[in-house]
Amino acid sequence: MILSKPRSVGVVHNCPMLEASNLECVRGEKSLFRGLSFRLEAGACLMVQGANGSGKTSLLRMLCGLAQPAQGEIRWDGEPIRKLAEEYRGELLYCGHAGAVKDDLTALENARISATLAGAPVDEAAARQALRQLGLKGREDLPARVLSAGQRRRVALTRLLLEKRRLWVLDEPLTALDKAAVATLCGVIDAHLAAGGMAVLTSHQDLPLAATHVAQLRLD
Amino acid sequence: MGETSLFAALGAVIRRDLLLAMRRKSDVLTTLFFFIIVVSLFPLGIGPEMAMLRQIAPGVLWVAALLATMLSLNRLFAADHADGTLEQMALSAVPLGVLVTGKVIAHWLLSGLPLALLAPVLGLQFDLATGSLGVLVVSLLIGTPVLSLIGAVGAALTLGVRGGGVLVSLLVLPLYVPVLIFGAGAVEADLTGLGATAHLSLLAAFLALAAFFGPWATTVALRIALE
């Protein structure tokens, strides 16, 4: 399953690139997928699709280095991500099912603390600006406990705006979001791709991206 | 990643954990009240036999400190694991070892330090002399960080395991034995007039060893737990 569309064959790429070769994922005794290869270049987006339990989240966790593939290798800029360790993590932003939002902290505290823990501290003004951009104006100083599921998801997604990372790995980013928030998020992802970023994402809903370099990957 | 941002991240973890503890005070207070009550039960049960109380005081205070620390271990990583923060920490550009060290320091500030500061007050119930109370505090100040460091390894190993609470006790309590022996031994040595320096030096050596290997072992265990 080769999904890359090498637009400039033979030209040496200087831009960073994510490359997966011959990946196999085993859960228990069952092999979810095998022989999976793809290449993702700057400005490209990969939509991973498949039924529940087809290994979408497992694939995304592998791409982050949280899980090890049973076989195959993932390379960033030609280097295995295992070897790059922190260097690779500095390029990566992962947004999983769990939003890493603390109930007892306010939206603002959540945004600032998660940025600092990721190694990219931001000042209060930047964090407030990001929260406003995601439609949380007036909710900045409320504890996350009292926010709705969609609002908590928005707090989690402020990381996209605050951490300057080249590769975004988003697992079901649209969960619990309303139409307006979906549109905002699409805009954010499009801007990221236009600026030469990369994204790998899963979604059961339609994600109306304007970007042209969107590849589909079906896991069956 | 420069040195300053590593320290910034370390400070941020400590501040965050202290802030979370302030927002949810009951967790910290449970540990402290457990310590106070367990220690106070002994003089009540044994009666006012001063010589006997003085003799058992170091052991009782230290065992109670171990058990109180155990109580708080489950919470060390569980909440961060459940809400996905631990995953984010593992994917941070900051080495996980630095963040884990911050969490262990915060755990000590919230459990070990208050225990050490409360101990002399509780020691009065056992008719300990002022000098011995001082040694007790110093031994706890050196010993309780070791408890947090070793406990973190146990908490990381049992993360996500059903019945992890009991398991972590079985795993960690045997490792606490040397700390108990030399911690309580320091106070006993002072009571018998031998001087506590040797015991305290050995405790400090344990601390150095645990500070070196503890965060590393915890990091490895957490990465396994997350997979």
# chains A, B, ... in the order shown; residues from 1 in each chain; ligands from 1
>>> interface_residues(of="chain B", to="chain A", cutoff="6 Å", atoms="only C-alpha atoms", output="list in words")
Ala9, Asp83, Gly84, Thr85, Leu91, Ser92, Ala93, Val94 and Glu227 of chain B
>>> write_last_selection(atoms="N, CA and C atoms", output="PDB file, in the first residue's frame")
ATOM      1  N   ALA B   9      10.838  23.255  32.852  1.00  0.00           N
ATOM      2  CA  ALA B   9       9.880  22.148  32.809  1.00  0.00           C
ATOM      3  C   ALA B   9       9.812  21.443  34.160  1.00  0.00           C
ATOM      4  N   ASP B  83      -6.048  10.544  32.409  1.00  0.00           N
ATOM      5  CA  ASP B  83      -6.506  11.646  31.547  1.00  0.00           C
ATOM      6  C   ASP B  83      -5.570  11.921  30.369  1.00  0.00           C
ATOM      7  N   GLY B  84      -4.568  11.078  30.184  1.00  0.00           N
ATOM      8  CA  GLY B  84      -3.735  11.217  28.992  1.00  0.00           C
ATOM      9  C   GLY B  84      -2.533  12.131  29.175  1.00  0.00           C
ATOM     10  N   THR B  85      -2.406  12.747  30.352  1.00  0.00           N
ATOM     11  CA  THR B  85      -1.265  13.651  30.564  1.00  0.00           C
ATOM     12  C   THR B  85       0.061  12.892  30.505  1.00  0.00           C
ATOM     13  N   LEU B  91       5.729  12.059  25.374  1.00  0.00           N
ATOM     14  CA  LEU B  91       5.986  12.558  24.023  1.00  0.00           C
ATOM     15  C   LEU B  91       6.586  13.960  24.041  1.00  0.00           C
ATOM     16  N   SER B  92       6.886  14.448  25.232  1.00  0.00           N
ATOM     17  CA  SER B  92       7.404  15.808  25.331  1.00  0.00           C
ATOM     18  C   SER B  92       8.827  15.892  24.788  1.00  0.00           C
ATOM     19  N   ALA B  93       9.183  17.099  24.352  1.00  0.00           N
ATOM     20  CA  ALA B  93      10.567  17.325  23.931  1.00  0.00           C
ATOM     21  C   ALA B  93      11.489  17.335  25.147  1.00  0.00           C
ATOM     22  N   VAL B  94      10.897  17.508  26.337  1.00  0.00           N
ATOM     23  CA  VAL B  94      11.658  17.418  27.585  1.00  0.00           C
ATOM     24  C   VAL B  94      11.807  15.935  27.922  1.00  0.00           C
ATOM     25  N   GLU B 227       2.791   1.390  26.673  1.00  0.00           N
ATOM     26  CA  GLU B 227       2.748   0.729  25.372  1.00  0.00           C
ATOM     27  C   GLU B 227       1.476  -0.078  25.173  1.00  0.00           C
TER      28      GLU B 227
END
>>> select_by_dssp(residues="chain A", states="strand (DSSP E or B)", output="PyMOL selection string")
chain A and resi 18-27+30-40+45-50+71-76+79-80+92-95+106+143+167-171+198-202+214-219
>>> atom_distance(atom1="atom CA of B:Leu32", atom2="atom CA of B:Thr144")
13.7 Å
>>> select_by_dssp(residues="stretch 96-175 of chain A", states="helix (DSSP H, G or I)", output="PyMOL selection string")
chain A and resi 107-117+124-133+144-146+149-162
>>> residues_around(residues="B:Leu147", least_positions_apart="6", cutoff="8 Å", atoms="only C-alpha atoms", output="ChimeraX atom specification")
/B:66,69,176,179
>>> closest_residue(among="B:Val166, B:Met89, B:Leu76, B:Val138", to="B:Ala184", atoms="only C-alpha atoms")
B:Val138
>>> closest_residue(among="A:Val155, A:Leu134, A:Leu84, A:Leu18", to="A:Leu108", atoms="only C-alpha atoms")
A:Val155
>>> residues_around(residues="B:Asp190", least_positions_apart="4", cutoff="10 Å", atoms="only C-alpha atoms", output="list in words")
Ala129, Gly131, Ser132, Leu133, Gly134, Val135, Leu136, Gly185, Ala186, Leu194, Gly195, Ala196, Thr197 and His199 of chain B
>>> write_last_selection(atoms="C-alpha atoms", output="CSV table (one decimal), in the first residue's frame")
chain,number,residue,atom,x,y,z
B,129,ALA,CA,14.3,14.0,74.4
B,131,GLY,CA,18.1,15.8,70.9
B,132,SER,CA,16.5,12.6,69.8
B,133,LEU,CA,13.6,14.5,68.2
B,134,GLY,CA,16.1,16.5,66.2
B,135,VAL,CA,17.7,13.3,65.0
B,136,LEU,CA,14.3,11.9,64.1
B,185,GLY,CA,18.4,2.9,63.9
B,186,ALA,CA,19.6,6.5,63.9
B,194,LEU,CA,26.1,6.0,70.4
B,195,GLY,CA,25.6,9.0,68.1
B,196,ALA,CA,23.6,8.9,64.9
B,197,THR,CA,26.2,10.1,62.4
B,199,HIS,CA,23.3,5.8,60.4
>>> atom_distance(atom1="atom CA of B:Phe35", atom2="atom CA of B:Leu222")
28.6 Å
>>> closest_residue(among="B:Thr30, B:Thr192, B:Ser169, B:Thr158", to="B:Phe77", atoms="only C-alpha atoms")
B:Thr158
>>> residues_around(residues="stretch 137-139 of chain A", least_positions_apart="4", cutoff="12 Å", atoms="only C-alpha atoms", output="tab-separated table (two decimals) with C-alpha atoms, in the first residue's frame")
chain	number	residue	atom	x	y	z
A	106	THR	CA	-8.79	26.32	34.61
A	107	ALA	CA	-8.81	26.32	30.81
A	108	LEU	CA	-6.00	28.88	30.82
A	109	GLU	CA	-3.88	26.91	33.31
A	127	ALA	CA	-2.59	31.25	25.72
A	128	ARG	CA	-5.62	33.56	26.06
A	129	GLN	CA	-5.40	34.38	22.37
A	130	ALA	CA	-5.37	30.67	21.45
A	131	LEU	CA	-8.36	29.94	23.69
A	132	ARG	CA	-10.28	32.84	22.13
A	133	GLN	CA	-9.45	31.60	18.66
A	143	PRO	CA	-12.16	25.07	35.91
A	144	ALA	CA	-12.27	22.41	33.19
A	145	ARG	CA	-14.61	20.42	35.44
A	146	VAL	CA	-17.52	22.69	34.57
A	147	LEU	CA	-16.84	22.77	30.82
A	148	SER	CA	-18.82	20.63	28.40
A	151	GLN	CA	-15.32	22.75	25.30
A	152	ARG	CA	-12.84	20.42	26.97
A	154	ARG	CA	-11.31	22.69	22.43
A	155	VAL	CA	-9.04	23.26	25.43
>>> residues_around(residues="B:Val177", least_positions_apart="4", cutoff="12 Å", atoms="only C-alpha atoms", output="list in words")
Gly59, Trp62, Val63, Leu66, Gly143, Val146, Leu147, Ile150, Leu171, Val172, Leu173, Ile181, Phe182, Gly183, Ala184, Gly185, Leu203 and Phe206 of chain B
>>> write_last_selection(atoms="C-alpha atoms", output="PDB file, in the first residue's frame")
ATOM      1  CA  GLY B  59      10.290   2.113  65.090  1.00  0.00           C
ATOM      2  CA  TRP B  62       9.241   5.210  61.000  1.00  0.00           C
ATOM      3  CA  VAL B  63       6.839   2.350  60.241  1.00  0.00           C
ATOM      4  CA  LEU B  66       6.424   4.137  55.519  1.00  0.00           C
ATOM      5  CA  GLY B 143      14.935   9.019  54.432  1.00  0.00           C
ATOM      6  CA  VAL B 146      14.253   7.686  49.278  1.00  0.00           C
ATOM      7  CA  LEU B 147      10.742   6.400  49.994  1.00  0.00           C
ATOM      8  CA  ILE B 150      11.622   3.930  45.313  1.00  0.00           C
ATOM      9  CA  LEU B 171       6.577  -4.649  45.666  1.00  0.00           C
ATOM     10  CA  VAL B 172       7.838  -1.612  47.490  1.00  0.00           C
ATOM     11  CA  LEU B 173       7.712  -2.421  51.231  1.00  0.00           C
ATOM     12  CA  ILE B 181      16.492  -0.059  59.651  1.00  0.00           C
ATOM     13  CA  PHE B 182      18.871   2.857  59.343  1.00  0.00           C
ATOM     14  CA  GLY B 183      16.239   5.551  59.856  1.00  0.00           C
ATOM     15  CA  ALA B 184      14.868   4.078  63.067  1.00  0.00           C
ATOM     16  CA  GLY B 185      18.406   2.946  63.933  1.00  0.00           C
ATOM     17  CA  LEU B 203      20.802   6.931  54.806  1.00  0.00           C
ATOM     18  CA  PHE B 206      20.844   5.393  50.015  1.00  0.00           C
TER      19      PHE B 206
END
>>> atom_distance(atom1="atom CA of B:Ile56", atom2="atom CA of B:Ala152")
28.8 Å
>>> residues_around(residues="stretch 32-39 of chain A", least_positions_apart="6", cutoff="12 Å", atoms="only C-alpha atoms", output="PDB file with C-alpha atoms, in the first residue's frame")
ATOM      1  CA  MET A   1       0.000   0.000   0.000  1.00  0.00           C
ATOM      2  CA  ILE A   2       2.129   2.909  -1.201  1.00  0.00           C
ATOM      3  CA  LEU A   3       0.344   6.186  -0.806  1.00  0.00           C
ATOM      4  CA  SER A   4       3.036   8.711  -1.345  1.00  0.00           C
ATOM      5  CA  LYS A   5       2.790  10.780  -4.444  1.00  0.00           C
ATOM      6  CA  PRO A   6       6.370  11.786  -5.130  1.00  0.00           C
ATOM      7  CA  ARG A   7       5.843  15.060  -6.893  1.00  0.00           C
ATOM      8  CA  PRO A  16      11.747  16.627   6.762  1.00  0.00           C
ATOM      9  CA  MET A  17       9.700  13.634   5.849  1.00  0.00           C
ATOM     10  CA  LEU A  18       7.882  10.886   7.653  1.00  0.00           C
ATOM     11  CA  GLU A  19       8.306   7.469   6.212  1.00  0.00           C
ATOM     12  CA  ALA A  20       6.802   4.184   7.337  1.00  0.00           C
ATOM     13  CA  SER A  21       7.936   0.957   5.785  1.00  0.00           C
ATOM     14  CA  ASN A  22       6.402  -2.468   6.030  1.00  0.00           C
ATOM     15  CA  LEU A  23       4.628  -1.896   9.334  1.00  0.00           C
ATOM     16  CA  GLU A  24       2.864  -4.714  11.088  1.00  0.00           C
ATOM     17  CA  CYS A  25       0.587  -4.322  14.064  1.00  0.00           C
ATOM     18  CA  VAL A  26      -0.282  -7.284  16.266  1.00  0.00           C
ATOM     19  CA  CYS A  45      -1.993  15.181   5.082  1.00  0.00           C
ATOM     20  CA  LEU A  46      -2.819  11.527   5.611  1.00  0.00           C
ATOM     21  CA  MET A  47      -6.354  10.525   6.528  1.00  0.00           C
ATOM     22  CA  VAL A  48      -6.413   7.097   8.130  1.00  0.00           C
ATOM     23  CA  GLY A  50     -11.184   2.086   8.816  1.00  0.00           C
ATOM     24  CA  ALA A  51     -13.773   0.387  10.982  1.00  0.00           C
ATOM     25  CA  ASN A  52     -13.621   0.297  14.754  1.00  0.00           C
ATOM     26  CA  GLY A  53     -10.797  -1.944  15.848  1.00  0.00           C
ATOM     27  CA  SER A  54      -8.999  -1.866  12.517  1.00  0.00           C
ATOM     28  CA  GLY A  55      -5.868  -0.470  14.120  1.00  0.00           C
ATOM     29  CA  LYS A  56      -6.145   3.274  13.468  1.00  0.00           C
ATOM     30  CA  THR A  57      -5.198   4.317  16.965  1.00  0.00           C
ATOM     31  CA  SER A  58      -2.497   1.644  17.100  1.00  0.00           C
ATOM     32  CA  LEU A  59      -0.991   3.028  13.902  1.00  0.00           C
ATOM     33  CA  LEU A  63       3.907   6.909  14.525  1.00  0.00           C
ATOM     34  CA  PRO A  69       5.468  -2.069  15.490  1.00  0.00           C
ATOM     35  CA  ALA A  70       5.755  -5.851  15.458  1.00  0.00           C
ATOM     36  CA  GLN A  71       7.666  -5.402  12.252  1.00  0.00           C
ATOM     37  CA  GLY A  72       8.864  -2.578  10.067  1.00  0.00           C
ATOM     38  CA  GLU A  73      10.284   0.809  10.802  1.00  0.00           C
ATOM     39  CA  ILE A  74       9.258   4.451  10.982  1.00  0.00           C
ATOM     40  CA  ARG A  75      11.759   7.040   9.881  1.00  0.00           C
ATOM     41  CA  TRP A  76      11.850  10.794  10.194  1.00  0.00           C
ATOM     42  CA  ASP A  77      14.255  12.451   7.789  1.00  0.00           C
ATOM     43  CA  GLY A  78      15.717   9.036   7.071  1.00  0.00           C
ATOM     44  CA  MET A 198       2.313  17.538   8.064  1.00  0.00           C
ATOM     45  CA  ALA A 199      -0.690  15.864   9.593  1.00  0.00           C
ATOM     46  CA  VAL A 200      -1.863  12.310  10.138  1.00  0.00           C
ATOM     47  CA  ALA A 215      -4.023  11.072   0.901  1.00  0.00           C
ATOM     48  CA  GLN A 216      -6.397   8.410   2.136  1.00  0.00           C
ATOM     49  CA  LEU A 217      -5.270   5.264   3.875  1.00  0.00           C
ATOM     50  CA  ARG A 218      -7.800   2.502   4.470  1.00  0.00           C
ATOM     51  CA  LEU A 219      -7.113  -0.115   7.091  1.00  0.00           C
ATOM     52  CA  ASP A 220      -9.224  -3.231   6.599  1.00  0.00           C
TER      53      ASP A 220
END
